[in-house]
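Asker: Following this line is structure_32.cif, made up of mmCIF, C-alpha atoms and all ligand atoms:
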```cif
data_upload
loop_
_atom_site.label_atom_id
_atom_site.label_comp_id
_atom_site.auth_asym_id
_atom_site.auth_seq_id
_atom_site.Cartn_x
_atom_site.Cartn_y
_atom_site.Cartn_z
CA MET A 268 -8.99 -0.21 21.21
CA PRO A 269 -5.42 0.82 22.19
CA GLN A 270 -3.42 2.77 19.62
CA MET A 271 -0.50 0.88 18.11
CA ILE A 272 0.75 3.88 16.16
CA ASP A 273 0.11 7.41 17.32
CA VAL A 274 1.70 10.17 15.29
CA GLU A 275 0.96 13.87 15.68
CA GLY A 276 2.27 16.72 13.52
CA LEU A 277 5.33 14.76 12.40
CA ASN A 278 7.94 16.51 10.25
CA LYS A 279 11.20 15.39 8.77
CA SER A 280 13.47 17.52 6.65
CA PHE A 281 16.84 16.67 5.17
CA ARG A 282 19.57 19.11 4.24
CA ILE A 283 21.22 18.20 1.02
CA GLY A 284 24.18 19.83 -0.69
CA VAL A 285 23.48 21.65 -3.95
CA LYS A 286 26.07 20.74 -6.59
CA ARG A 287 27.63 23.69 -8.37
CA THR A 288 28.89 23.27 -11.92
CA GLY A 289 32.42 23.75 -13.25
CA ALA A 290 35.81 23.30 -11.58
CA LEU A 291 35.42 26.46 -9.48
CA GLY A 292 31.92 25.38 -8.52
CA GLY A 293 33.24 22.01 -7.34
CA LEU A 294 35.83 23.74 -5.19
CA LEU A 295 33.25 26.14 -3.79
CA SER A 296 30.95 23.22 -2.92
CA VAL A 297 33.72 21.82 -0.72
CA ILE A 298 34.79 25.12 0.92
CA LYS A 299 31.39 26.73 1.27
CA PRO A 300 28.67 24.12 0.66
CA GLU A 301 25.30 25.44 -0.37
CA LEU A 302 22.53 23.53 1.38
CA ARG A 303 18.95 22.97 0.32
CA GLU A 304 16.24 21.67 2.57
CA VAL A 305 14.03 18.77 1.47
CA GLN A 306 10.79 18.47 3.40
CA ALA A 307 10.32 14.69 3.25
CA VAL A 308 7.40 14.47 5.69
CA GLN A 309 5.13 17.39 6.53
CA ASP A 310 2.72 17.62 9.42
CA LEU A 311 1.79 13.94 9.38
CA SER A 312 -0.81 12.88 11.92
CA LEU A 313 -2.08 9.34 12.06
CA LYS A 314 -3.45 6.77 14.45
CA VAL A 315 -3.49 3.05 13.83
CA ALA A 316 -5.36 0.88 16.31
CA ALA A 317 -4.03 -2.49 17.47
CA GLY A 318 -5.15 -5.23 15.07
CA GLU A 319 -5.68 -2.95 12.06
CA MET A 320 -4.23 -3.61 8.61
CA VAL A 321 -3.48 -0.33 6.83
CA GLY A 322 -2.05 0.40 3.38
CA LEU A 323 0.30 3.34 2.95
CA ILE A 324 0.56 4.41 -0.66
CA GLY A 325 2.04 7.31 -2.58
CA PRO A 326 4.20 7.96 -5.65
CA ASN A 327 8.01 7.67 -5.58
CA GLY A 328 9.56 10.17 -3.20
CA ALA A 329 6.26 10.81 -1.39
CA GLY A 330 7.75 10.22 2.05
CA LYS A 331 6.58 6.67 2.81
CA SER A 332 9.98 5.18 3.67
CA THR A 333 10.94 8.24 5.71
CA SER A 334 7.70 7.88 7.72
CA ILE A 335 8.33 4.16 8.31
CA LYS A 336 11.93 4.85 9.29
CA MET A 337 10.73 7.32 11.92
CA MET A 338 8.19 4.79 13.17
CA THR A 339 10.89 2.15 13.59
CA GLY A 340 13.33 4.57 15.27
CA ILE A 341 15.91 4.55 12.45
CA LEU A 342 15.35 8.28 11.84
CA VAL A 343 14.80 11.04 14.37
CA PRO A 344 11.92 13.39 13.45
CA THR A 345 12.69 17.07 12.95
CA SER A 346 9.58 17.85 14.99
CA GLY A 347 6.29 16.34 16.10
CA ALA A 348 5.25 13.53 18.42
CA ILE A 349 5.44 9.83 17.71
CA ARG A 350 4.61 6.74 19.72
CA VAL A 351 4.62 3.16 18.53
CA ALA A 352 3.39 0.43 20.89
CA GLY A 353 3.53 3.09 23.59
CA LEU A 354 7.26 3.76 23.00
CA VAL A 355 9.08 6.71 21.49
CA PRO A 356 10.87 4.93 18.62
CA PHE A 357 14.08 6.97 18.35
CA ARG A 358 14.59 6.95 22.14
CA GLN A 359 13.57 3.35 22.81
CA ARG A 360 14.72 1.70 19.64
CA ARG A 361 15.95 -1.54 21.23
CA ASP A 362 12.79 -2.04 23.25
CA LEU A 363 10.72 -1.30 20.17
CA ALA A 364 12.72 -3.76 18.03
CA ALA A 365 11.49 -6.56 20.28
CA ARG A 366 7.89 -5.54 19.63
CA ILE A 367 7.93 -4.99 15.87
CA GLY A 368 8.83 -6.93 12.73
CA VAL A 369 10.01 -5.36 9.50
CA VAL A 370 10.10 -6.81 5.99
CA PHE A 371 11.58 -4.97 3.02
CA GLY A 372 10.65 -6.56 -0.29
CA GLN A 373 13.82 -5.34 -1.95
CA ARG A 374 16.21 -6.33 0.84
CA SER A 375 16.52 -9.33 3.07
CA GLN A 376 17.48 -9.73 6.68
CA LEU A 377 18.54 -13.33 6.00
CA TRP A 378 22.15 -14.43 5.63
CA TRP A 379 22.77 -14.94 1.94
CA ASP A 380 25.16 -17.91 2.20
CA LEU A 381 23.39 -19.76 4.98
CA PRO A 382 20.51 -22.18 4.65
CA LEU A 383 17.26 -20.53 5.65
CA ILE A 384 16.96 -22.59 8.83
CA ASP A 385 20.37 -21.34 10.05
CA SER A 386 19.31 -17.72 9.51
CA LEU A 387 16.20 -18.36 11.55
CA HIS A 388 18.27 -19.95 14.37
CA LEU A 389 20.61 -16.95 14.40
CA LEU A 390 17.72 -14.50 14.53
CA ARG A 391 16.34 -16.38 17.50
CA TYR A 392 19.51 -15.40 19.42
CA LEU A 393 19.49 -11.84 18.13
CA TYR A 394 15.90 -11.32 19.28
CA ARG A 395 16.45 -13.41 22.42
CA VAL A 396 13.38 -15.53 21.73
CA PRO A 397 12.87 -18.10 24.52
CA GLU A 398 13.47 -21.64 23.25
CA GLU A 399 9.97 -22.98 23.77
CA ARG A 400 8.39 -19.99 22.06
CA TYR A 401 10.85 -20.26 19.18
CA LYS A 402 10.06 -23.93 18.68
CA THR A 403 6.30 -23.37 18.70
CA ASN A 404 6.54 -20.40 16.35
CA LEU A 405 8.86 -22.18 13.97
CA VAL A 406 6.55 -25.19 13.68
CA HIS A 407 3.64 -22.84 13.01
CA LEU A 408 5.45 -20.66 10.49
CA ARG A 409 6.98 -23.64 8.66
CA LYS A 410 3.50 -24.97 8.15
CA MET A 411 1.74 -21.72 7.28
CA LEU A 412 4.42 -20.53 4.88
CA GLU A 413 5.23 -24.01 3.57
CA LEU A 414 8.94 -23.54 4.24
CA ASP A 415 9.94 -27.20 4.45
CA GLU A 416 10.63 -27.72 0.77
CA PHE A 417 13.49 -25.17 0.86
CA ILE A 418 14.36 -24.60 4.52
CA HIS A 419 17.78 -26.28 4.11
CA THR A 420 18.63 -24.38 0.91
CA PRO A 421 21.05 -21.43 1.06
CA VAL A 422 19.12 -18.16 0.81
CA ARG A 423 20.96 -17.08 -2.34
CA GLN A 424 19.47 -20.05 -4.19
CA LEU A 425 15.86 -19.30 -3.23
CA SER A 426 13.36 -17.88 -5.69
CA LEU A 427 12.01 -14.40 -4.90
CA GLY A 428 8.76 -15.83 -3.57
CA GLN A 429 10.53 -18.40 -1.39
CA ARG A 430 12.88 -15.73 -0.03
CA MET A 431 9.93 -13.51 0.82
CA ARG A 432 8.30 -16.37 2.73
CA GLY A 433 11.61 -16.86 4.57
CA ASP A 434 11.77 -13.14 5.36
CA LEU A 435 8.23 -13.16 6.70
CA ALA A 436 9.07 -16.08 8.98
CA ALA A 437 12.21 -14.23 10.16
CA ALA A 438 10.19 -11.11 10.97
CA LEU A 439 7.57 -13.05 12.92
CA LEU A 440 9.71 -15.43 15.00
CA HIS A 441 9.64 -13.12 18.00
CA ASP A 442 5.85 -12.59 17.89
CA PRO A 443 5.84 -8.89 17.04
CA GLU A 444 2.66 -6.94 17.72
CA LEU A 445 3.28 -4.71 14.72
CA LEU A 446 4.56 -5.68 11.29
CA TYR A 447 5.85 -3.11 8.80
CA LEU A 448 5.93 -4.39 5.25
CA ASP A 449 7.63 -2.46 2.51
CA GLU A 450 6.56 -3.74 -0.94
CA PRO A 451 6.03 -7.33 0.25
CA THR A 452 4.85 -8.64 -3.13
CA ILE A 453 7.22 -6.76 -5.43
CA GLY A 454 8.33 -8.89 -8.37
CA LEU A 455 6.25 -11.93 -7.37
CA ASP A 456 4.03 -13.88 -9.73
CA VAL A 457 0.26 -13.96 -9.17
CA VAL A 458 0.31 -17.27 -7.30
CA ALA A 459 3.10 -16.18 -4.95
CA LYS A 460 1.34 -12.84 -4.37
CA ALA A 461 -1.90 -14.59 -3.49
CA ARG A 462 -0.10 -16.89 -1.07
CA ILE A 463 1.62 -13.99 0.74
CA ARG A 464 -1.67 -12.07 0.97
CA GLU A 465 -3.44 -15.10 2.38
CA PHE A 466 -0.72 -15.52 4.99
CA LEU A 467 -0.90 -11.85 6.02
CA ARG A 468 -4.66 -12.04 6.38
CA ALA A 469 -4.27 -15.11 8.55
CA ILE A 470 -1.71 -13.65 10.97
CA ASN A 471 -3.71 -10.43 11.20
CA LYS A 472 -6.81 -12.43 12.08
CA GLU A 473 -5.34 -15.21 14.19
CA ARG A 474 -2.59 -13.36 16.06
CA GLY A 475 -4.14 -9.91 15.89
CA THR A 476 -0.88 -8.54 14.45
CA THR A 477 -1.19 -4.91 13.37
CA ILE A 478 0.10 -4.52 9.82
CA LEU A 479 1.24 -1.41 7.98
CA ILE A 480 2.01 -2.02 4.31
CA THR A 481 3.67 0.35 1.89
CA THR A 482 3.12 -0.71 -1.66
CA HIS A 483 2.78 0.43 -5.24
CA ASP A 484 0.54 -2.54 -5.93
CA MET A 485 -3.06 -1.46 -5.46
CA ASP A 486 -4.17 -5.08 -5.59
CA ASP A 487 -2.34 -5.60 -2.27
CA VAL A 488 -4.32 -2.75 -0.75
CA GLU A 489 -7.64 -3.87 -2.21
CA ALA A 490 -7.10 -7.46 -1.13
CA LEU A 491 -5.86 -6.72 2.37
CA CYS A 492 -6.65 -3.28 3.71
CA GLU A 493 -9.94 -1.75 4.53
CA ARG A 494 -8.19 1.49 5.29
CA MET A 495 -5.57 3.23 3.24
CA LEU A 496 -3.49 6.35 3.54
CA ILE A 497 -2.29 8.27 0.53
CA ILE A 498 0.69 10.54 0.96
CA ASP A 499 2.34 12.80 -1.56
CA HIS A 500 4.97 15.49 -1.20
CA GLY A 501 5.29 14.41 2.42
CA ARG A 502 1.66 15.26 3.22
CA LYS A 503 -1.20 13.02 4.11
CA LEU A 504 -3.80 13.47 1.39
CA TYR A 505 -6.26 10.76 2.25
CA ASP A 506 -7.14 8.50 5.14
CA GLY A 507 -10.17 6.30 4.53
CA THR A 508 -11.51 3.28 2.73
CA VAL A 509 -10.66 2.08 -0.75
CA ALA A 510 -14.40 2.09 -1.52
CA ASN A 511 -14.63 5.79 -0.71
CA ILE A 512 -11.80 6.68 -3.10
CA ARG A 513 -13.63 4.80 -5.84
CA GLU A 514 -16.80 6.68 -4.97
CA ARG A 515 -15.11 10.09 -5.08
CA PHE A 516 -12.78 9.71 -8.04
CA GLY A 517 -14.07 6.64 -9.83
CA GLY A 518 -15.57 8.64 -12.70
CA GLU A 519 -17.59 6.62 -15.15
CA ARG A 520 -18.98 3.19 -14.30
CA VAL A 521 -19.83 0.67 -16.97
CA LEU A 522 -22.97 -1.44 -17.19
CA ILE A 523 -22.83 -4.48 -19.44
CA ALA A 524 -26.26 -5.69 -20.54
CA VAL A 525 -27.12 -8.74 -22.62
CA LEU A 526 -30.38 -8.11 -24.48
CA ASP A 527 -32.77 -10.88 -25.34
CA THR A 528 -32.67 -10.27 -29.04
CA THR A 529 -32.13 -12.23 -32.21
CA ASP A 530 -31.00 -9.04 -33.89
CA SER A 531 -27.29 -9.46 -34.69
CA GLU A 532 -26.38 -6.13 -33.08
CA ALA A 533 -28.10 -5.00 -29.89
CA ALA A 534 -26.96 -1.45 -30.57
CA SER A 535 -29.25 -1.28 -33.61
CA ILE A 536 -32.37 -1.85 -31.49
CA ILE A 537 -31.35 0.21 -28.48
CA GLY A 538 -31.28 3.52 -30.37
CA VAL A 539 -28.50 5.61 -28.93
CA GLU A 540 -30.62 8.78 -29.13
CA HIS A 541 -33.11 7.27 -26.68
CA LEU A 542 -30.62 6.66 -23.91
CA PRO A 543 -31.25 8.65 -20.71
CA GLU A 544 -29.16 11.77 -20.18
CA GLY A 545 -25.67 11.08 -18.90
CA VAL A 546 -25.62 7.56 -20.31
CA ARG A 547 -23.57 6.72 -23.38
CA LEU A 548 -23.19 3.65 -25.53
CA ILE A 549 -19.54 2.62 -25.37
CA ARG A 550 -19.70 -0.39 -27.67
CA SER A 551 -21.77 -3.38 -28.62
CA GLU A 552 -21.02 -6.94 -29.63
CA GLY A 553 -23.90 -9.16 -30.75
CA PRO A 554 -26.61 -8.98 -28.06
CA ARG A 555 -24.17 -7.36 -25.58
CA ILE A 556 -23.94 -3.61 -24.96
CA TRP A 557 -21.60 -1.57 -22.80
CA LEU A 558 -23.12 1.61 -21.32
CA GLY A 559 -21.03 4.24 -19.57
CA PHE A 560 -22.66 6.44 -16.92
CA GLY A 561 -21.48 8.87 -14.25
CA ARG A 562 -22.23 8.24 -10.59
CA GLU A 563 -24.06 11.56 -10.35
CA SER A 564 -26.03 11.25 -13.57
CA MET A 565 -28.01 8.15 -12.71
CA PRO A 566 -28.03 5.57 -9.91
CA ALA A 567 -27.30 2.08 -11.18
CA HIS A 568 -30.66 0.61 -10.17
CA MET A 569 -32.51 3.32 -12.15
CA LEU A 570 -30.51 2.52 -15.24
CA ILE A 571 -31.38 -1.15 -14.87
CA SER A 572 -35.09 -0.29 -14.41
CA TRP A 573 -35.00 1.96 -17.46
CA LEU A 574 -33.43 -0.82 -19.54
CA GLY A 575 -35.94 -3.33 -18.14
CA GLU A 576 -38.85 -1.12 -19.15
CA HIS A 577 -37.62 -0.70 -22.72
CA TYR A 578 -35.98 -4.03 -23.57
CA GLN A 579 -35.99 -7.69 -22.70
CA LEU A 580 -32.88 -8.27 -20.60
CA ARG A 581 -31.04 -11.55 -20.27
CA ASP A 582 -28.21 -10.45 -18.00
CA VAL A 583 -26.72 -7.33 -16.42
CA THR A 584 -23.26 -6.87 -14.86
CA PHE A 585 -21.23 -3.87 -13.72
CA GLN A 586 -17.62 -2.98 -14.27
CA GLU A 587 -16.07 -0.70 -11.68
CA PRO A 588 -13.13 1.45 -12.77
CA GLU A 589 -9.82 -0.18 -11.88
CA ILE A 590 -8.52 1.23 -8.60
CA GLU A 591 -5.05 1.28 -10.18
CA ASP A 592 -6.31 3.77 -12.81
CA ILE A 593 -8.02 5.92 -10.20
CA ILE A 594 -4.87 6.15 -8.10
CA ARG A 595 -2.78 6.97 -11.19
CA ARG A 596 -5.15 9.86 -11.93
CA ILE A 597 -4.92 11.04 -8.32
CA TYR A 598 -1.11 11.20 -8.61
CA GLU A 599 -0.90 12.56 -12.15
CA GLU A 600 -3.66 15.10 -11.92
CA GLY A 601 -2.96 15.95 -8.28
CA LEU A 602 -6.68 15.49 -7.53
CA LEU A 603 -6.27 15.27 -3.76
CA LEU A 604 -3.59 17.97 -3.70
CA LYS A 605 -6.09 20.34 -5.37
CA ASN A 606 -8.59 19.55 -2.62
CA ILE A 607 -6.04 20.41 0.07
CA SER A 608 -5.07 23.70 -1.61
CA LYS A 609 -8.76 24.67 -1.74
CA GLU A 610 -9.20 23.84 1.94
CA LEU A 611 -6.11 25.89 2.83
CA GLU A 612 -7.43 28.86 0.81
CA GLN A 613 -10.65 28.78 2.78
CA ILE A 614 -8.84 29.00 6.15
N1 LIG B 701 18.68 10.40 3.68
C1 LIG B 701 18.13 11.31 2.90
N2 LIG B 701 18.79 12.45 2.59
C2 LIG B 701 18.23 13.39 1.81
N3 LIG B 701 17.00 13.31 1.28
C3 LIG B 701 16.30 12.20 1.53
C4 LIG B 701 16.81 11.14 2.36
N4 LIG B 701 15.88 10.16 2.45
C5 LIG B 701 14.82 10.58 1.72
N5 LIG B 701 15.07 11.80 1.17
C6 LIG B 701 14.15 12.58 0.33
O1 LIG B 701 12.90 12.63 1.01
C7 LIG B 701 11.82 12.53 0.09
C8 LIG B 701 10.94 11.35 0.50
O2 LIG B 701 11.65 10.14 0.27
P1 LIG B 701 11.12 8.69 0.68
O3 LIG B 701 12.22 7.73 0.43
O4 LIG B 701 10.55 8.75 2.05
O5 LIG B 701 9.93 8.45 -0.37
P2 LIG B 701 9.08 7.14 -0.68
O6 LIG B 701 7.68 7.56 -0.66
O7 LIG B 701 9.50 6.03 0.21
O8 LIG B 701 9.50 6.80 -2.17
P3 LIG B 701 9.66 5.37 -2.95
O9 LIG B 701 8.27 4.91 -3.28
O10 LIG B 701 10.41 5.76 -4.19
O11 LIG B 701 10.42 4.44 -2.06
C9 LIG B 701 12.44 12.39 -1.28
O12 LIG B 701 12.48 13.69 -1.87
C10 LIG B 701 13.85 11.90 -1.00
O13 LIG B 701 14.75 12.33 -1.99
#
```
Transcribe the structure of this file into structure tokens.
Ligand SMILES: Nc1ncnc2c1ncn2[C@@H]1O[C@H](COP(=O)(O)OP(=O)(O)OP(=O)(O)O)[C@@H](O)[C@H]1O
Answerer:
Amino acid sequence: MPQMIDVEGLNKSFRIGVKRTGALGGLLSVIKPELREVQAVQDLSLKVAAGEMVGLIGPNGAGKSTSIKMMTGILVPTSGAIRVAGLVPFRQRRDLAARIGVVFGQRSQLWWDLPLIDSLHLLRYLYRVPEERYKTNLVHLRKMLELDEFIHTPVRQLSLGQRMRGDLAAALLHDPELLYLDEPTIGLDVVAKARIREFLRAINKERGTTILITTHDMDDVEALCERMLIIDHGRKLYDGTVANIRERFGGERVLIAVLDTTDSEAASIIGVEHLPEGVRLIRSEGPRIWLGFGRESMPAHMLISWLGEHYQLRDVTFQEPEIEDIIRRIYEEGLLLKNISKELEQI
């Protein structure tokens, strides 16, 4: 499959002025500014194939926006190679603009005082979309995003969810091959989020649009992306599946078993001391027990067999750790950063 995004050893640093204190310091800052370098993106390599849907996540200040800005041609890299849809973004920005769509959840490319439909008409001229194509796309997008109920309303009067649907239509009018989405579901309620996710899945599937999403909402990533990238301190820390992250850092899993017992508390018959090694009783409620166990200590099917041999079971379910919690631990405890430092030590 052809590469839509091909980035190799990308770096971006900014020079920022260091503020000195006091009146003399202020004067000195003007006459002889002291500069500090911020390494926003470090040695980033990444390939995204046409038709993929990839989540880009990382804590605040990790370098996500800077990476996207380089991929759209807004920023020039300090060093490294970058190609998007076969073009060098900062050299061929206009050509690239015709091939990509961008949606920022916190900003809008729509005209605030105009009805949504007028913004869409104006964008048609800006992107030079041929009339027939525009008409076909508009009919399709109006239907998919259910725009008709508010298409004649000025953008400033739209709800956040309606505005986001309008912004998605605006970004897709010119049939881009690649769509960058920056926090597309920020501030939306669960129904609006679900609707946006469903739409993204559909255009990815039906049109084959490649989608790169930056988000702080792990539910977006879980619902949409098979592959995710984690960056922190400007470095790529992880490139793989959501399932694999769960596997590596998921910690304890929980098995919930309903015992076939008339005893008021299942815990009283299960005898905590008899539990296999590495399994602990978290809590119990009537015939229901919650058992915590590590991935390494015992495979799930063995725990079920063990329970089956010792007790009459009515039902068994599993609770995976929330991906949100796992990612929080990865940021807070620097779990992936520790891995990288170890690898670097070994070189
Ligand atoms: N124009 C700029 N001038 C100086 N420093 C900048 C500039 N843009 C970004 N930075 C710095 O680069 C680093 C990465 O910022 P970036 O905005 O890419 O992070 P981010 O991952 O998008 O964060 P967030 O999730 O908060 O949007 C930060 O330390 C930021 O302060």
Asker: For the point (25.9, -21.1, 3.1) in file coordinates, what residues are within 10 Å, counting only C-alpha atoms? Give the answer as a ChimeraX atom specification?
Answerer: /A:378-383,385-386,419-424
Asker: Work out how far apart atom CA of A:Leu558 and atom CA of A:Leu522 are and give it in Å to one decimal.
Answerer: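 Computing the Euclidean distance for atom CA of A:Leu558 and atom CA of A:Leu522 yields 5.1 Å.
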Asker: Given only C-alpha atoms and all ligand atoms as the basis, pick out the residue of A:Asp592, A:Asp273, A:Asp527, A:Asp484 nearest to ligand LIG 701 (chain B).
Answerer: A:Asp484
Asker: Excluding A:Ala348 and residues on its chain fewer than 6 positions from it, collect all residues at most 8 Å away from it, counting only C-alpha atoms, and give them as a ChimeraX atom specification.
Answerer: /A:274-277
Asker: Could the residues that lie within 9 Å of ligand LIG 701 (chain B), counting only C-alpha atoms and all ligand atoms, be listed as a ChimeraX atom specification?
Answerer: /A:279-283,304-308,324-336,449,481-483,498-501
Asker: Around (-1.8, -10.8, -0.7), as given in the file, which residues come within 9 Å? Count only C-alpha atoms and list them as a ChimeraX atom specification.
Answerer: /A:451-452,459-468,486-488,490-491
Asker: List the spatial neighbours of A:Phe585 as a list in words - criterion: any atom at most 8 Å away, all atoms listed in the file, same-chain residues fewer than 2 positions off excluded.
Answerer: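 So, after excluding close chain neighbours, the residues are Arg520, Val521, Leu522, Ile523, Val583 and Glu587 of chain A.
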Asker: From the list A:Arg350, A:Lys402, A:Arg374, A:Arg555, which residue is nearest A:Thr584 when using only C-alpha atoms?
Answerer: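 Of the candidates, the smallest distance to A:Thr584 is held by A:Arg555.
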Asker: Would you pick out the contacts of A:Glu591 at 7 Å or less, using only C-alpha atoms, so that residues sharing its chain but fewer than 3 positions from it are not included, and give the list as a PDB file with C-alpha atoms, keeping the file's coordinate frame?
Answerer:
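Here's the written file out-v7.pdb:
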```pdb
ATOM      1  CA  MET A 485      -3.060  -1.460  -5.460  1.00  0.00           C
ATOM      2  CA  ILE A 594      -4.870   6.150  -8.100  1.00  0.00           C
ATOM      3  CA  ARG A 595      -2.780   6.970 -11.190  1.00  0.00           C
TER       4      ARG A 595
END
```
Asker: Between A:Ala317, A:Gly293, A:Glu399, A:Ile272, which residue has the minimum interatomic distance to A:Met338, considering all atoms listed in the file?
Answerer: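 Nearest candidate to A:Met338 out of A:Ala317, A:Gly293, A:Glu399, A:Ile272: A:Ile272.
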Asker: Atom CA of A:Thr477 and atom CA of A:Gly507, how far apart in Å?
Answerer: 16.9 Å
